[in-house]
Amino acid sequence: MGRGRTTKAKKKRPFWVELPLLIGIALVLALLIKTFLLQAFSIPSNSMQNTLQTGDRVLVDKLTPWFGSEPERGEVIVFHDPADWLGDMPVSEPTTVRKVLSFIGLMPSAEEKDLIKRVIGVGGDTVECSGTGPLKVNGTALDEPYVFPGNTPCTDDAGGRFKVTVPEGRLWVMGDHRQASEDSRYHQDDNTKGMVPVDEVVGRAVVIAWPVDRWNTLPVPDTFDKVPSAAGQPDPVTAPVPDPAGLALVVAAPLLVMRRRTGR
């Protein structure tokens, strides 16, 4: 008679033993998502009202630039202060806990030198304002329902009257609260002539994530579809971007592997 083979079920580890591992994996995933996919940012001022309110938390797409895509007209973007636009504006020093949670992506960025505005002109575009508007891009007047109620598209002052051609690799940005936004218009004397270098862009704001009652997406307004390409410039080609299902799979795969291992 053959010798019987006995099998023993692998003893499952106690939850308290696995907990540090699960926390470690969650933190690593959060850091990877913050570094390569999405990051939360807090809106510090009213310069983008009514699209964004002070205190809103937005999620910023950081993945698309990795695939060669550059900001387009009408997008709301977060970018690093290009030429000391914020000046000596006082900022509150974040606590150590907030710095850590911000670093791994579990809280909005603690970096106070980031700004958020709407892209109006890209490389090659001619942007102009006279009087109170309308704002024109490549000779086409924009219909801007997102401008703060009571504001005019252009401001009839020294900075508000302009006609500029955006160099390649730069962006002309403006706030939706036109009469309360220190944007490209008022920094034409700095070393970037009011333009934002594309490589200073953190990413595109795509969703208002907090507070819950203000949850909404941030699409490109239809008016920008009517703007022709700059004279002598080819029509822009949008770089291919992974679909949300693919991104979800990338994020979920490690969790599925972990679940299978802990379930054996």
# chains A, B, ... in the order shown; residues from 1 in each chain; ligands from 1
$ select_by_dssp --residues "stretch 86-227 of chain A" --states "helix (DSSP H, G or I)" --output "list in words"
Thr96, Val97, Arg98, Lys99, Val100, Leu101, Ser102, Phe103, Arg178, Gln179, Ala180, Ser184, Arg185, Tyr186, His187, Val198, Asp199, Glu200, Val212, Asp213, Arg214, Asp222, Thr223, Phe224, Asp225 and Lys226 of chain A
$ residues_around --residues "A:Pro153" --least-positions-apart "5" --cutoff "7 Å" --atoms "only C-alpha atoms" --output "ChimeraX atom specification"
/A:132-135,147,178
$ write_last_selection --atoms "all heavy atoms" --output "short mmCIF file (atom, residue, chain, number, x, y, z; two decimals), in the first residue's frame"
data_model
loop_
_atom_site.label_atom_id
_atom_site.label_comp_id
_atom_site.auth_asym_id
_atom_site.auth_seq_id
_atom_site.Cartn_x
_atom_site.Cartn_y
_atom_site.Cartn_z
N THR A 132 -12.98 96.76 -23.11
CA THR A 132 -13.49 95.74 -22.20
C THR A 132 -13.71 94.39 -22.88
O THR A 132 -14.25 93.47 -22.29
CB THR A 132 -14.82 96.20 -21.58
OG1 THR A 132 -15.76 96.49 -22.62
CG2 THR A 132 -14.61 97.44 -20.72
N GLY A 133 -13.29 94.28 -24.14
CA GLY A 133 -13.38 92.99 -24.81
C GLY A 133 -14.22 93.06 -26.06
O GLY A 133 -14.64 94.13 -26.49
N PRO A 134 -14.39 91.92 -26.71
CA PRO A 134 -14.06 90.58 -26.23
C PRO A 134 -12.57 90.24 -26.37
O PRO A 134 -11.83 90.91 -27.09
CB PRO A 134 -14.89 89.68 -27.16
CG PRO A 134 -14.93 90.45 -28.45
CD PRO A 134 -15.04 91.90 -28.04
N LEU A 135 -12.15 89.17 -25.70
CA LEU A 135 -10.81 88.62 -25.84
C LEU A 135 -10.74 87.87 -27.17
O LEU A 135 -11.66 87.12 -27.51
CB LEU A 135 -10.54 87.66 -24.67
CG LEU A 135 -9.23 86.88 -24.68
CD1 LEU A 135 -8.03 87.81 -24.61
CD2 LEU A 135 -9.22 85.90 -23.51
N VAL A 147 -16.40 83.43 -17.47
CA VAL A 147 -15.89 84.64 -16.84
C VAL A 147 -16.80 85.02 -15.67
O VAL A 147 -18.03 84.94 -15.75
CB VAL A 147 -15.78 85.80 -17.85
CG1 VAL A 147 -15.51 87.13 -17.14
CG2 VAL A 147 -14.66 85.52 -18.85
N ARG A 178 -11.59 87.91 -14.13
CA ARG A 178 -10.69 88.78 -14.87
C ARG A 178 -10.25 90.02 -14.10
O ARG A 178 -9.12 90.48 -14.24
CB ARG A 178 -11.34 89.19 -16.20
CG ARG A 178 -11.50 88.03 -17.16
CD ARG A 178 -10.17 87.59 -17.74
NE ARG A 178 -10.20 86.20 -18.19
CZ ARG A 178 -10.72 85.82 -19.37
NH1 ARG A 178 -11.23 86.70 -20.20
NH2 ARG A 178 -10.69 84.54 -19.70
#
$ residues_around --residues "stretch 183-192 of chain A" --least-positions-apart "2" --cutoff "8 Å" --atoms "only C-alpha atoms" --output "ChimeraX atom specification"
/A:82-83,85,117,159-160,162,172-175,181,194-197
$ atom_distance --atom1 "atom CA of A:Val207" --atom2 "atom CA of A:Lys113"
20.8 Å
$ select_by_dssp --residues "stretch 55-226 of chain A" --states "strand (DSSP E)" --output "PyMOL selection string"
chain A and resi 57-61+76-80+114-121+126-129+136-137+140-141+162-165+170-174+196-197+201-210+216-217
$ write_last_selection --atoms "N, CA and C atoms" --output "tab-separated table (two decimals), in the first residue's frame"
chain	number	residue	atom	x	y	z
A	57	ARG	N	-10.71	71.62	-3.78
A	57	ARG	CA	-9.61	70.69	-4.06
A	57	ARG	C	-9.81	70.14	-5.46
A	58	VAL	N	-8.81	70.27	-6.29
A	58	VAL	CA	-8.90	69.76	-7.66
A	58	VAL	C	-7.89	68.64	-7.85
A	59	LEU	N	-8.23	67.70	-8.73
A	59	LEU	CA	-7.31	66.64	-9.11
A	59	LEU	C	-6.65	67.03	-10.43
A	60	VAL	N	-5.34	66.93	-10.45
A	60	VAL	CA	-4.55	67.36	-11.61
A	60	VAL	C	-3.96	66.14	-12.31
A	61	ASP	N	-4.24	66.04	-13.60
A	61	ASP	CA	-3.71	64.96	-14.44
A	61	ASP	C	-2.24	65.22	-14.73
A	76	VAL	N	-7.63	74.23	-17.88
A	76	VAL	CA	-7.23	74.81	-16.60
A	76	VAL	C	-6.00	74.04	-16.14
A	77	ILE	N	-4.90	74.76	-15.93
A	77	ILE	CA	-3.64	74.09	-15.60
A	77	ILE	C	-3.06	74.60	-14.28
A	78	VAL	N	-2.29	73.74	-13.65
A	78	VAL	CA	-1.48	74.11	-12.48
A	78	VAL	C	-0.04	74.21	-12.96
A	79	PHE	N	0.65	75.26	-12.56
A	79	PHE	CA	2.03	75.45	-12.99
A	79	PHE	C	2.85	76.09	-11.88
A	80	HIS	N	4.16	75.86	-11.95
A	80	HIS	CA	5.07	76.48	-10.99
A	80	HIS	C	5.20	77.97	-11.30
A	114	ASP	N	2.74	77.26	-6.44
A	114	ASP	CA	2.03	76.82	-7.64
A	114	ASP	C	0.84	77.73	-7.88
A	115	LEU	N	0.51	77.93	-9.16
A	115	LEU	CA	-0.63	78.76	-9.53
A	115	LEU	C	-1.55	77.96	-10.43
A	116	ILE	N	-2.80	78.42	-10.55
A	116	ILE	CA	-3.76	77.76	-11.42
A	116	ILE	C	-4.49	78.82	-12.25
A	117	LYS	N	-4.47	78.65	-13.58
A	117	LYS	CA	-5.11	79.59	-14.50
A	117	LYS	C	-5.63	78.80	-15.71
A	118	ARG	N	-6.32	79.51	-16.60
A	118	ARG	CA	-6.81	78.91	-17.83
A	118	ARG	C	-5.88	79.28	-18.99
A	119	VAL	N	-5.55	78.29	-19.82
A	119	VAL	CA	-4.72	78.54	-21.01
A	119	VAL	C	-5.57	79.27	-22.05
A	120	ILE	N	-5.09	80.41	-22.49
A	120	ILE	CA	-5.79	81.18	-23.53
A	120	ILE	C	-5.06	81.06	-24.86
A	121	GLY	N	-3.74	81.14	-24.84
A	121	GLY	CA	-2.96	81.05	-26.07
A	121	GLY	C	-1.80	80.09	-25.92
A	126	THR	N	-1.80	84.51	-31.50
A	126	THR	CA	-1.85	85.94	-31.21
A	126	THR	C	-3.07	86.20	-30.34
A	127	VAL	N	-2.83	86.75	-29.15
A	127	VAL	CA	-3.89	87.01	-28.18
A	127	VAL	C	-3.98	88.53	-28.01
A	128	GLU	N	-5.21	89.05	-28.00
A	128	GLU	CA	-5.34	90.50	-27.89
A	128	GLU	C	-6.60	90.91	-27.13
A	129	CYS	N	-6.48	92.05	-26.47
A	129	CYS	CA	-7.59	92.65	-25.74
A	129	CYS	C	-7.54	94.16	-25.94
A	136	LYS	N	-9.66	88.11	-27.93
A	136	LYS	CA	-9.52	87.47	-29.23
A	136	LYS	C	-8.26	86.61	-29.29
A	137	VAL	N	-8.40	85.47	-29.96
A	137	VAL	CA	-7.26	84.59	-30.21
A	137	VAL	C	-7.21	84.33	-31.71
A	140	THR	N	-10.14	85.62	-33.66
A	140	THR	CA	-11.48	85.11	-33.34
A	140	THR	C	-11.88	85.52	-31.93
A	141	ALA	N	-13.03	86.17	-31.81
A	141	ALA	CA	-13.53	86.58	-30.49
A	141	ALA	C	-14.04	85.36	-29.73
A	162	PHE	N	-3.64	94.78	-24.63
A	162	PHE	CA	-2.42	94.13	-25.13
A	162	PHE	C	-2.70	93.42	-26.44
A	163	LYS	N	-1.63	93.15	-27.16
A	163	LYS	CA	-1.65	92.26	-28.31
A	163	LYS	C	-0.29	91.57	-28.33
A	164	VAL	N	-0.30	90.26	-28.09
A	164	VAL	CA	0.95	89.51	-27.96
A	164	VAL	C	0.91	88.28	-28.86
A	165	THR	N	2.09	87.86	-29.29
A	165	THR	CA	2.23	86.59	-30.00
A	165	THR	C	3.00	85.65	-29.09
A	170	ARG	N	5.71	78.22	-24.96
A	170	ARG	CA	5.17	79.09	-23.91
A	170	ARG	C	3.65	79.11	-23.97
A	171	LEU	N	3.04	79.61	-22.90
A	171	LEU	CA	1.58	79.70	-22.79
A	171	LEU	C	1.18	81.08	-22.28
A	172	TRP	N	0.04	81.57	-22.76
A	172	TRP	CA	-0.55	82.79	-22.22
A	172	TRP	C	-1.75	82.35	-21.39
A	173	VAL	N	-1.74	82.72	-20.10
A	173	VAL	CA	-2.79	82.24	-19.20
A	173	VAL	C	-3.52	83.42	-18.55
A	174	MET	N	-4.80	83.18	-18.24
A	174	MET	CA	-5.61	84.21	-17.59
A	174	MET	C	-6.56	83.54	-16.60
A	196	VAL	N	4.08	81.51	-19.65
A	196	VAL	CA	4.41	80.38	-18.78
A	196	VAL	C	5.13	79.32	-19.62
A	197	PRO	N	6.38	78.98	-19.29
A	197	PRO	CA	7.06	77.91	-20.01
A	197	PRO	C	6.32	76.59	-19.86
A	201	VAL	N	4.71	73.49	-16.31
A	201	VAL	CA	3.34	73.04	-16.07
A	201	VAL	C	3.36	71.72	-15.31
A	202	VAL	N	2.63	71.67	-14.20
A	202	VAL	CA	2.50	70.44	-13.40
A	202	VAL	C	1.52	69.49	-14.06
A	203	GLY	N	0.41	70.01	-14.55
A	203	GLY	CA	-0.60	69.17	-15.19
A	203	GLY	C	-1.90	69.92	-15.36
A	204	ARG	N	-2.87	69.23	-15.92
A	204	ARG	CA	-4.18	69.83	-16.17
A	204	ARG	C	-5.15	69.46	-15.06
A	205	ALA	N	-5.85	70.46	-14.52
A	205	ALA	CA	-6.90	70.20	-13.54
A	205	ALA	C	-8.11	69.61	-14.25
A	206	VAL	N	-8.55	68.44	-13.84
A	206	VAL	CA	-9.62	67.75	-14.55
A	206	VAL	C	-10.90	67.59	-13.74
A	207	VAL	N	-10.80	67.61	-12.41
A	207	VAL	CA	-11.98	67.36	-11.58
A	207	VAL	C	-11.91	68.21	-10.32
A	208	ILE	N	-13.05	68.79	-9.93
A	208	ILE	CA	-13.18	69.36	-8.59
A	208	ILE	C	-13.60	68.21	-7.68
A	209	ALA	N	-12.71	67.81	-6.78
A	209	ALA	CA	-12.96	66.62	-5.97
A	209	ALA	C	-13.55	66.94	-4.60
A	210	TRP	N	-13.39	68.15	-4.12
A	210	TRP	CA	-13.85	68.51	-2.78
A	210	TRP	C	-14.13	70.01	-2.76
A	216	ASN	N	-17.28	68.22	-9.83
A	216	ASN	CA	-17.58	68.51	-11.23
A	216	ASN	C	-16.31	68.32	-12.06
A	217	THR	N	-16.49	68.06	-13.35
A	217	THR	CA	-15.34	67.98	-14.24
A	217	THR	C	-15.01	69.37	-14.76
$ residues_around --residues "stretch 211-214 of chain A" --least-positions-apart "6" --cutoff "12 Å" --atoms "only C-alpha atoms" --output "mmCIF file with C-alpha atoms, in the first residue's frame"
data_model
loop_
_atom_site.group_PDB
_atom_site.id
_atom_site.type_symbol
_atom_site.label_atom_id
_atom_site.label_comp_id
_atom_site.auth_asym_id
_atom_site.auth_seq_id
_atom_site.Cartn_x
_atom_site.Cartn_y
_atom_site.Cartn_z
ATOM 1 C CA SER A 42 -5.986 73.303 -3.033
ATOM 2 C CA ILE A 43 -7.268 76.555 -4.562
ATOM 3 C CA ASN A 50 -16.717 81.062 -10.452
ATOM 4 C CA THR A 51 -15.145 78.014 -12.051
ATOM 5 C CA LEU A 52 -13.155 77.378 -8.883
ATOM 6 C CA GLN A 53 -13.771 78.686 -5.392
ATOM 7 C CA THR A 54 -11.229 79.352 -2.670
ATOM 8 C CA GLY A 55 -10.721 76.108 -0.757
ATOM 9 C CA ASP A 56 -11.765 73.793 -3.589
ATOM 10 C CA ARG A 57 -9.614 70.689 -4.062
ATOM 11 C CA VAL A 58 -8.898 69.758 -7.655
#
